[in-house]
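Engineer: Handing over target.cif, mmCIF, N, CA and C atoms.
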```
data_coords
loop_
_atom_site.label_atom_id
_atom_site.label_comp_id
_atom_site.auth_asym_id
_atom_site.auth_seq_id
_atom_site.Cartn_x
_atom_site.Cartn_y
_atom_site.Cartn_z
N MET V 452 4.62 82.71 78.38
CA MET V 452 4.87 82.14 79.69
C MET V 452 5.34 83.24 80.64
N THR V 453 4.76 83.29 81.83
CA THR V 453 5.12 84.29 82.82
C THR V 453 6.27 83.80 83.67
N PHE V 454 7.25 84.66 83.88
CA PHE V 454 8.38 84.32 84.72
C PHE V 454 7.93 84.33 86.19
N SER V 455 8.42 83.37 86.98
CA SER V 455 8.06 83.35 88.39
C SER V 455 9.16 82.69 89.21
N VAL V 456 9.17 83.01 90.50
CA VAL V 456 10.09 82.40 91.45
C VAL V 456 9.30 81.98 92.69
N PRO V 457 9.69 80.85 93.30
CA PRO V 457 9.03 80.44 94.55
C PRO V 457 9.65 81.17 95.74
N VAL V 458 8.81 81.46 96.73
CA VAL V 458 9.28 82.11 97.96
C VAL V 458 8.52 81.48 99.13
N LEU V 459 9.24 81.26 100.21
CA LEU V 459 8.63 80.78 101.45
C LEU V 459 8.57 81.96 102.42
N VAL V 460 7.40 82.25 102.95
CA VAL V 460 7.25 83.35 103.92
C VAL V 460 7.90 82.91 105.23
N ARG V 461 8.91 83.67 105.65
CA ARG V 461 9.69 83.31 106.83
C ARG V 461 9.18 84.08 108.06
N GLY V 462 9.32 83.48 109.22
CA GLY V 462 8.81 84.05 110.46
C GLY V 462 9.33 85.45 110.76
N TYR V 463 10.59 85.72 110.46
CA TYR V 463 11.15 87.03 110.76
C TYR V 463 10.64 88.13 109.84
N GLU V 464 9.85 87.77 108.82
CA GLU V 464 9.28 88.76 107.91
C GLU V 464 7.88 89.22 108.33
N LEU V 465 7.40 88.71 109.45
CA LEU V 465 6.03 88.99 109.88
C LEU V 465 5.96 90.24 110.75
N ASP V 466 4.78 90.87 110.75
CA ASP V 466 4.55 92.03 111.60
C ASP V 466 3.90 91.58 112.91
N THR V 467 3.50 92.53 113.73
CA THR V 467 2.95 92.19 115.04
C THR V 467 1.60 91.49 114.97
N GLN V 468 0.91 91.56 113.84
CA GLN V 468 -0.35 90.84 113.66
C GLN V 468 -0.13 89.41 113.16
N GLY V 469 1.12 89.06 112.90
CA GLY V 469 1.43 87.71 112.45
C GLY V 469 1.30 87.51 110.96
N HIS V 470 1.18 88.62 110.20
CA HIS V 470 1.18 88.44 108.75
C HIS V 470 2.33 89.22 108.12
N LEU V 471 2.56 88.93 106.86
CA LEU V 471 3.74 89.47 106.17
C LEU V 471 3.78 90.99 106.25
N ASN V 472 4.90 91.51 106.69
CA ASN V 472 5.10 92.96 106.78
C ASN V 472 5.00 93.58 105.39
N HIS V 473 4.38 94.74 105.32
CA HIS V 473 4.13 95.40 104.03
C HIS V 473 5.39 95.64 103.22
N ALA V 474 6.49 95.98 103.84
CA ALA V 474 7.73 96.27 103.12
C ALA V 474 8.30 95.03 102.45
N VAL V 475 8.01 93.86 102.99
CA VAL V 475 8.57 92.62 102.46
C VAL V 475 7.95 92.29 101.10
N TYR V 476 6.71 92.70 100.86
CA TYR V 476 6.11 92.50 99.55
C TYR V 476 6.98 93.15 98.47
N HIS V 477 7.48 94.35 98.75
CA HIS V 477 8.37 95.04 97.80
C HIS V 477 9.65 94.22 97.59
N GLN V 478 10.18 93.64 98.67
CA GLN V 478 11.39 92.84 98.56
C GLN V 478 11.15 91.59 97.72
N TYR V 479 9.98 90.98 97.86
CA TYR V 479 9.66 89.81 97.03
C TYR V 479 9.63 90.21 95.56
N GLY V 480 9.03 91.36 95.26
CA GLY V 480 9.01 91.83 93.88
C GLY V 480 10.40 92.09 93.35
N GLU V 481 11.24 92.72 94.16
CA GLU V 481 12.61 93.00 93.73
C GLU V 481 13.39 91.70 93.51
N HIS V 482 13.19 90.75 94.38
CA HIS V 482 13.84 89.44 94.21
C HIS V 482 13.45 88.83 92.85
N ALA V 483 12.16 88.87 92.54
CA ALA V 483 11.69 88.32 91.26
C ALA V 483 12.29 89.08 90.08
N ARG V 484 12.41 90.40 90.20
CA ARG V 484 13.00 91.19 89.09
C ARG V 484 14.44 90.79 88.84
N TRP V 485 15.24 90.67 89.91
CA TRP V 485 16.65 90.31 89.71
C TRP V 485 16.78 88.89 89.18
N GLU V 486 15.92 87.99 89.61
CA GLU V 486 15.96 86.63 89.09
C GLU V 486 15.56 86.60 87.61
N LEU V 487 14.61 87.42 87.23
CA LEU V 487 14.22 87.51 85.82
C LEU V 487 15.40 88.02 84.99
N LEU V 488 16.07 89.05 85.47
CA LEU V 488 17.23 89.58 84.74
C LEU V 488 18.33 88.52 84.64
N ARG V 489 18.55 87.80 85.72
CA ARG V 489 19.56 86.73 85.70
C ARG V 489 19.19 85.67 84.68
N ALA V 490 17.91 85.30 84.62
CA ALA V 490 17.44 84.30 83.64
C ALA V 490 17.60 84.82 82.21
N ALA V 491 17.55 86.13 82.04
CA ALA V 491 17.74 86.73 80.72
C ALA V 491 19.22 86.84 80.35
N GLY V 492 20.10 86.51 81.28
CA GLY V 492 21.54 86.60 81.02
C GLY V 492 22.13 87.93 81.43
N ILE V 493 21.46 88.61 82.36
CA ILE V 493 21.97 89.90 82.85
C ILE V 493 22.10 89.81 84.37
N PRO V 494 23.16 89.16 84.87
CA PRO V 494 23.35 89.16 86.32
C PRO V 494 23.67 90.58 86.81
N GLN V 495 23.50 90.81 88.08
CA GLN V 495 23.62 92.15 88.64
C GLN V 495 24.96 92.80 88.33
N ASP V 496 26.07 92.06 88.41
CA ASP V 496 27.38 92.66 88.15
C ASP V 496 27.51 93.11 86.69
N LYS V 497 26.94 92.35 85.77
CA LYS V 497 26.97 92.74 84.35
C LYS V 497 26.15 94.00 84.13
N PHE V 498 25.00 94.07 84.76
CA PHE V 498 24.14 95.24 84.61
C PHE V 498 24.84 96.50 85.13
N ILE V 499 25.41 96.42 86.31
CA ILE V 499 26.10 97.57 86.91
C ILE V 499 27.32 97.96 86.09
N ALA V 500 28.05 96.97 85.58
CA ALA V 500 29.24 97.25 84.76
C ALA V 500 28.89 97.98 83.47
N SER V 501 27.63 97.90 83.04
CA SER V 501 27.22 98.57 81.81
C SER V 501 27.11 100.09 82.00
N GLY V 502 27.19 100.55 83.25
CA GLY V 502 27.10 101.99 83.51
C GLY V 502 25.67 102.49 83.64
N ILE V 503 24.74 101.57 83.66
CA ILE V 503 23.32 101.91 83.78
C ILE V 503 22.78 101.19 85.00
N GLY V 504 21.95 101.88 85.76
CA GLY V 504 21.31 101.27 86.92
C GLY V 504 19.81 101.41 86.83
N ALA V 505 19.11 100.43 87.32
CA ALA V 505 17.65 100.50 87.34
C ALA V 505 17.21 101.35 88.54
N VAL V 506 16.24 102.21 88.32
CA VAL V 506 15.71 103.04 89.39
C VAL V 506 14.20 102.87 89.45
N VAL V 507 13.71 102.70 90.67
CA VAL V 507 12.26 102.63 90.89
C VAL V 507 11.75 104.05 91.05
N LEU V 508 10.75 104.40 90.25
CA LEU V 508 10.15 105.73 90.31
C LEU V 508 8.84 105.73 91.09
N GLU V 509 8.17 104.58 91.08
CA GLU V 509 6.91 104.45 91.81
C GLU V 509 6.62 102.97 92.00
N SER V 510 6.05 102.63 93.13
CA SER V 510 5.67 101.25 93.39
C SER V 510 4.36 101.24 94.16
N THR V 511 3.40 100.47 93.65
CA THR V 511 2.10 100.38 94.33
C THR V 511 1.75 98.90 94.54
N ILE V 512 1.08 98.65 95.65
CA ILE V 512 0.66 97.29 95.97
C ILE V 512 -0.84 97.29 96.24
N LYS V 513 -1.50 96.29 95.69
CA LYS V 513 -2.89 96.00 96.05
C LYS V 513 -2.85 94.72 96.87
N TYR V 514 -3.18 94.84 98.15
CA TYR V 514 -3.21 93.68 99.03
C TYR V 514 -4.56 93.00 98.88
N LYS V 515 -4.56 91.70 98.65
CA LYS V 515 -5.81 90.97 98.43
C LYS V 515 -6.08 89.92 99.51
N ARG V 516 -5.05 89.24 99.97
CA ARG V 516 -5.17 88.21 101.01
C ARG V 516 -3.90 88.26 101.86
N GLU V 517 -4.06 87.97 103.13
CA GLU V 517 -2.89 88.01 104.00
C GLU V 517 -1.99 86.80 103.75
N LEU V 518 -0.72 87.00 104.04
CA LEU V 518 0.26 85.92 104.02
C LEU V 518 0.78 85.74 105.43
N ARG V 519 0.97 84.49 105.81
CA ARG V 519 1.41 84.15 107.15
C ARG V 519 2.68 83.30 107.06
N GLY V 520 3.39 83.20 108.16
CA GLY V 520 4.62 82.42 108.20
C GLY V 520 4.40 81.00 107.71
N GLY V 521 5.30 80.53 106.87
CA GLY V 521 5.21 79.18 106.32
C GLY V 521 4.46 79.09 105.01
N ASP V 522 3.72 80.15 104.64
CA ASP V 522 3.03 80.13 103.34
C ASP V 522 4.06 80.03 102.22
N GLU V 523 3.75 79.20 101.25
CA GLU V 523 4.58 79.11 100.05
C GLU V 523 3.86 79.88 98.95
N VAL V 524 4.61 80.75 98.29
CA VAL V 524 4.02 81.57 97.23
C VAL V 524 4.89 81.54 95.99
N THR V 525 4.29 81.96 94.91
CA THR V 525 5.00 82.19 93.66
C THR V 525 4.91 83.68 93.39
N VAL V 526 6.05 84.28 93.03
CA VAL V 526 6.08 85.70 92.70
C VAL V 526 6.36 85.81 91.20
N THR V 527 5.40 86.37 90.47
CA THR V 527 5.58 86.52 89.03
C THR V 527 6.21 87.87 88.71
N CYS V 528 6.75 87.97 87.53
CA CYS V 528 7.35 89.22 87.09
C CYS V 528 7.26 89.32 85.57
N ALA V 529 6.76 90.44 85.10
CA ALA V 529 6.68 90.68 83.65
C ALA V 529 7.01 92.15 83.38
N PHE V 530 7.80 92.37 82.34
CA PHE V 530 8.08 93.73 81.88
C PHE V 530 6.91 94.24 81.06
N ASP V 531 6.70 95.53 81.13
CA ASP V 531 5.71 96.22 80.29
C ASP V 531 6.46 97.41 79.68
N TRP V 532 6.97 97.20 78.47
CA TRP V 532 7.77 98.23 77.80
C TRP V 532 6.84 99.27 77.18
N ARG V 533 7.24 100.53 77.21
CA ARG V 533 6.47 101.63 76.64
C ARG V 533 7.28 102.24 75.50
N ASP V 534 6.84 102.00 74.26
CA ASP V 534 7.57 102.52 73.10
C ASP V 534 7.72 104.03 73.18
N GLY V 535 8.94 104.50 72.99
CA GLY V 535 9.22 105.93 72.95
C GLY V 535 9.24 106.59 74.32
N GLU V 536 9.12 105.81 75.39
CA GLU V 536 9.15 106.39 76.74
C GLU V 536 10.42 105.98 77.47
N LYS V 537 10.84 106.83 78.38
CA LYS V 537 12.01 106.54 79.19
C LYS V 537 11.70 105.61 80.35
N VAL V 538 10.42 105.38 80.60
CA VAL V 538 10.03 104.52 81.71
C VAL V 538 9.41 103.23 81.20
N PHE V 539 9.40 102.23 82.05
CA PHE V 539 8.77 100.94 81.77
C PHE V 539 8.16 100.47 83.08
N ARG V 540 7.41 99.41 83.01
CA ARG V 540 6.77 98.90 84.22
C ARG V 540 7.06 97.42 84.41
N PHE V 541 7.05 97.03 85.67
CA PHE V 541 7.07 95.63 86.06
C PHE V 541 5.72 95.34 86.69
N HIS V 542 5.18 94.19 86.36
CA HIS V 542 3.95 93.74 87.01
C HIS V 542 4.25 92.44 87.74
N HIS V 543 3.86 92.40 89.00
CA HIS V 543 4.07 91.23 89.84
C HIS V 543 2.74 90.77 90.41
N ARG V 544 2.63 89.48 90.57
CA ARG V 544 1.54 88.88 91.34
C ARG V 544 2.18 87.93 92.34
N ILE V 545 1.70 87.99 93.57
CA ILE V 545 2.13 87.06 94.60
C ILE V 545 0.97 86.10 94.81
N ILE V 546 1.23 84.83 94.48
CA ILE V 546 0.16 83.84 94.39
C ILE V 546 0.43 82.69 95.36
N LYS V 547 -0.57 82.37 96.18
CA LYS V 547 -0.48 81.24 97.10
C LYS V 547 -0.58 79.93 96.32
N LEU V 548 -0.18 78.84 96.96
CA LEU V 548 -0.19 77.54 96.29
C LEU V 548 -1.58 77.13 95.79
N ASP V 549 -2.63 77.59 96.47
CA ASP V 549 -3.99 77.22 96.04
C ASP V 549 -4.50 78.11 94.90
N GLY V 550 -3.64 79.01 94.40
CA GLY V 550 -4.02 79.88 93.30
C GLY V 550 -4.57 81.23 93.72
N THR V 551 -4.76 81.45 95.00
CA THR V 551 -5.26 82.73 95.51
C THR V 551 -4.20 83.81 95.32
N VAL V 552 -4.60 84.92 94.73
CA VAL V 552 -3.68 86.06 94.57
C VAL V 552 -3.65 86.83 95.88
N ALA V 553 -2.49 86.90 96.50
CA ALA V 553 -2.33 87.61 97.77
C ALA V 553 -2.05 89.10 97.55
N ALA V 554 -1.37 89.43 96.47
CA ALA V 554 -1.05 90.83 96.21
C ALA V 554 -0.68 91.02 94.74
N GLU V 555 -0.89 92.25 94.28
CA GLU V 555 -0.44 92.66 92.94
C GLU V 555 0.41 93.91 93.11
N ILE V 556 1.56 93.91 92.48
CA ILE V 556 2.50 95.03 92.59
C ILE V 556 2.76 95.58 91.18
N THR V 557 2.70 96.89 91.07
CA THR V 557 3.08 97.55 89.82
C THR V 557 4.21 98.53 90.14
N VAL V 558 5.30 98.40 89.40
CA VAL V 558 6.47 99.25 89.60
C VAL V 558 6.75 100.01 88.32
N THR V 559 6.84 101.32 88.42
CA THR V 559 7.30 102.15 87.31
C THR V 559 8.78 102.40 87.54
N ALA V 560 9.58 102.13 86.51
CA ALA V 560 11.03 102.20 86.67
C ALA V 560 11.66 102.86 85.45
N GLY V 561 12.93 103.12 85.57
CA GLY V 561 13.71 103.66 84.46
C GLY V 561 15.11 103.09 84.52
N ALA V 562 15.86 103.31 83.48
CA ALA V 562 17.27 102.92 83.43
C ALA V 562 18.08 104.20 83.45
N MET V 563 18.85 104.38 84.52
CA MET V 563 19.57 105.63 84.72
C MET V 563 21.05 105.48 84.38
N ASP V 564 21.55 106.41 83.57
CA ASP V 564 22.97 106.49 83.29
C ASP V 564 23.66 106.91 84.58
N LEU V 565 24.58 106.09 85.08
CA LEU V 565 25.19 106.34 86.37
C LEU V 565 26.19 107.48 86.37
N THR V 566 26.59 107.96 85.18
CA THR V 566 27.49 109.11 85.10
C THR V 566 26.70 110.40 85.03
N THR V 567 25.74 110.47 84.11
CA THR V 567 24.97 111.71 83.94
C THR V 567 23.82 111.83 84.93
N ARG V 568 23.44 110.69 85.57
CA ARG V 568 22.34 110.64 86.52
C ARG V 568 21.01 111.01 85.87
N LYS V 569 20.86 110.62 84.60
CA LYS V 569 19.63 110.86 83.85
C LYS V 569 19.14 109.55 83.27
N LEU V 570 17.82 109.47 83.06
CA LEU V 570 17.25 108.28 82.45
C LEU V 570 17.68 108.16 81.00
N VAL V 571 17.96 106.94 80.57
CA VAL V 571 18.32 106.72 79.17
C VAL V 571 17.04 106.76 78.33
N ALA V 572 17.19 107.18 77.08
CA ALA V 572 16.04 107.37 76.20
C ALA V 572 15.39 106.07 75.77
N ASP V 573 16.18 105.01 75.63
CA ASP V 573 15.66 103.74 75.12
C ASP V 573 16.03 102.61 76.08
N PRO V 574 15.32 102.49 77.20
CA PRO V 574 15.70 101.44 78.16
C PRO V 574 15.57 100.03 77.58
N ALA V 575 14.56 99.79 76.76
CA ALA V 575 14.39 98.46 76.17
C ALA V 575 15.60 98.11 75.31
N GLY V 576 16.11 99.06 74.56
CA GLY V 576 17.29 98.83 73.74
C GLY V 576 18.51 98.49 74.57
N HIS V 577 18.65 99.15 75.70
CA HIS V 577 19.79 98.86 76.58
C HIS V 577 19.69 97.45 77.14
N PHE V 578 18.51 97.09 77.63
CA PHE V 578 18.33 95.74 78.17
C PHE V 578 18.55 94.69 77.08
N ARG V 579 18.03 94.96 75.89
CA ARG V 579 18.19 94.02 74.77
C ARG V 579 19.67 93.81 74.45
N SER V 580 20.45 94.89 74.48
CA SER V 580 21.87 94.79 74.14
C SER V 580 22.65 93.96 75.16
N LEU V 581 22.19 93.91 76.39
CA LEU V 581 22.88 93.16 77.44
C LEU V 581 22.43 91.70 77.53
N ALA V 582 21.20 91.45 77.15
CA ALA V 582 20.58 90.14 77.40
C ALA V 582 21.09 89.05 76.47
N GLU V 583 21.32 87.88 77.05
CA GLU V 583 21.60 86.68 76.27
C GLU V 583 20.30 86.03 75.81
N ASN V 584 19.24 86.26 76.59
CA ASN V 584 17.91 85.71 76.28
C ASN V 584 16.86 86.83 76.38
N PRO V 585 16.85 87.75 75.41
CA PRO V 585 15.95 88.91 75.50
C PRO V 585 14.45 88.54 75.52
N GLU V 586 14.11 87.35 75.05
CA GLU V 586 12.69 86.94 75.06
C GLU V 586 12.17 86.83 76.48
N VAL V 587 13.03 86.54 77.46
CA VAL V 587 12.62 86.48 78.86
C VAL V 587 12.15 87.85 79.33
N LEU V 588 12.70 88.90 78.72
CA LEU V 588 12.35 90.27 79.06
C LEU V 588 11.15 90.78 78.26
N GLY V 589 10.62 89.95 77.40
CA GLY V 589 9.52 90.39 76.54
C GLY V 589 10.01 91.23 75.36
N LEU V 590 11.27 91.01 74.98
CA LEU V 590 11.86 91.78 73.86
C LEU V 590 12.14 90.87 72.68
#
```
Before we go any further, please render this structure as structure tokens.
Structural biologist:
Amino acid sequence: MTFSVPVLVRGYELDTQGHLNHAVYHQYGEHARWELLRAAGIPQDKFIASGIGAVVLESTIKYKRELRGGDEVTVTCAFDWRDGEKVFRFHHRIIKLDGTVAAEITVTAGAMDLTTRKLVADPAGHFRSLAENPEVLGL
């Protein structure tokens, strides 16, 4: 089962052409990521208290259909863990109510030790140790 959150496109998020501003797509993805972590039992304060912070290393969007004010969408989020790598990926789809995919977002991220300012060697292990429901994270 894919994790998802509903989002309503708000008027103040639109650009001068009347469709969703490009930067807001990233915000929708980030919202879905934090909600997924919360569903896994890792609220933001718990994550930060662990001394590890998530860092985005790269984010790409494929725009497929425009979104306009009042559109209701679902934003999906799934982890893609890479065995033996310090990085992992999030995959998002922004889907309109009629099933049309408006955008696909891929984020390459890492878990950074906030003291040493370096990526941890086993990010999946760190997330697993914090999670009350690690299956939500694909672990």
Engineer: For the atom pair atom CA of Lys537 of chain V and atom C of Leu588 of chain V, what is the interatomic distance in Å to one decimal place?
Structural biologist: 15.8 Å
Engineer: Taking all atoms of segment 466-480 of chain V that the file lists, what box with edges along x, y and z, padded by 3 Å per side, do you get, with centre and edge lengths in Å to one decimal, as JSON?
Structural biologist:
```
{"center_x": 5.5, "center_y": 91.9, "center_z": 104.2, "size_x": 17.7, "size_y": 14.8, "size_z": 27.7}
```
Engineer: Which residues are near segment 505-519 of chain V? Cut-off 6 Å, all atoms listed in the file, ignore same chain within fewer than 4 positions. Put them as a CSV table (one decimal) with N, CA and C atoms, keeping the file's coordinate frame.
Structural biologist:
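This went into selection-v6.csv:
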```csv
chain,number,residue,atom,x,y,z
V,460,VAL,N,7.4,82.2,103.0
V,460,VAL,CA,7.2,83.4,103.9
V,460,VAL,C,7.9,82.9,105.2
V,469,GLY,N,1.1,89.1,112.9
V,469,GLY,CA,1.4,87.7,112.4
V,469,GLY,C,1.3,87.5,111.0
V,470,HIS,N,1.2,88.6,110.2
V,470,HIS,CA,1.2,88.4,108.8
V,470,HIS,C,2.3,89.2,108.1
V,471,LEU,N,2.6,88.9,106.9
V,471,LEU,CA,3.7,89.5,106.2
V,471,LEU,C,3.8,91.0,106.2
V,552,VAL,N,-4.6,84.9,94.7
V,552,VAL,CA,-3.7,86.1,94.6
V,552,VAL,C,-3.6,86.8,95.9
V,553,ALA,N,-2.5,86.9,96.5
V,553,ALA,CA,-2.3,87.6,97.8
V,553,ALA,C,-2.0,89.1,97.6
V,554,ALA,N,-1.4,89.4,96.5
V,554,ALA,CA,-1.0,90.8,96.2
V,554,ALA,C,-0.7,91.0,94.7
V,555,GLU,N,-0.9,92.2,94.3
V,555,GLU,CA,-0.4,92.7,92.9
V,555,GLU,C,0.4,93.9,93.1
V,556,ILE,N,1.6,93.9,92.5
V,556,ILE,CA,2.5,95.0,92.6
V,556,ILE,C,2.8,95.6,91.2
V,557,THR,N,2.7,96.9,91.1
V,557,THR,CA,3.1,97.6,89.8
V,557,THR,C,4.2,98.5,90.1
V,558,VAL,N,5.3,98.4,89.4
V,558,VAL,CA,6.5,99.2,89.6
V,558,VAL,C,6.8,100.0,88.3
V,559,THR,N,6.8,101.3,88.4
V,559,THR,CA,7.3,102.2,87.3
V,559,THR,C,8.8,102.4,87.5
V,560,ALA,N,9.6,102.1,86.5
V,560,ALA,CA,11.0,102.2,86.7
V,560,ALA,C,11.7,102.9,85.4
V,561,GLY,N,12.9,103.1,85.6
V,561,GLY,CA,13.7,103.7,84.5
V,561,GLY,C,15.1,103.1,84.5
V,562,ALA,N,15.9,103.3,83.5
V,562,ALA,CA,17.3,102.9,83.4
V,562,ALA,C,18.1,104.2,83.4
V,563,MET,N,18.8,104.4,84.5
V,563,MET,CA,19.6,105.6,84.7
V,563,MET,C,21.0,105.5,84.4
```
Engineer: Extract the full set of strand (DSSP E) residues from chain V according to DSSP on the backbone, and format it as a ChimeraX atom specification.
Structural biologist: /V:454-459,503-514,523-532,538-547,552-564,569-570
Engineer: Report, in Å with one decimal, the straight-line distance from atom CA of Leu590 of chain V to atom CA of Ile546 of chain V.
Structural biologist: 24.9 Å
Engineer: Between atom N of Arg461 of chain V and atom N of Phe541 of chain V, what is the spacing in Å?
Structural biologist: 24.1 Å
Engineer: Would you write out, as a ChimeraX atom specification, every residue that the PyMOL selection byres (((chain V and resi 477-483 and name CA) around 8) and name CA) captures in this file?
Structural biologist: /V:455-456,458,473-476,484-487,526-528,543,556
Engineer: When distances are computed from all atoms listed in the file, which of V:Gly502, V:Gly535, V:Ser580, V:Ala529 shows the smallest separation from Leu565 of chain V?
Structural biologist: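 Between V:Gly502, V:Gly535, V:Ser580, V:Ala529, the residue approaching Leu565 of chain V most closely is V:Gly502.
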Engineer: Would you list, as a PyMOL selection string, the residues of segment 452-579 of chain V that end up in helix (DSSP H, G or I) under DSSP run on this structure's backbone?
Structural biologist: chain V and resi 462-464+473-490+495-500+574-579
Engineer: So, with only N, CA and C atoms as the atoms that count, which of V:Glu586, V:Leu581, V:Thr551, V:Asp522 lies closest to Pro494 of chain V?
Structural biologist: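 Between V:Glu586, V:Leu581, V:Thr551, V:Asp522, the residue approaching Pro494 of chain V most closely is V:Leu581.
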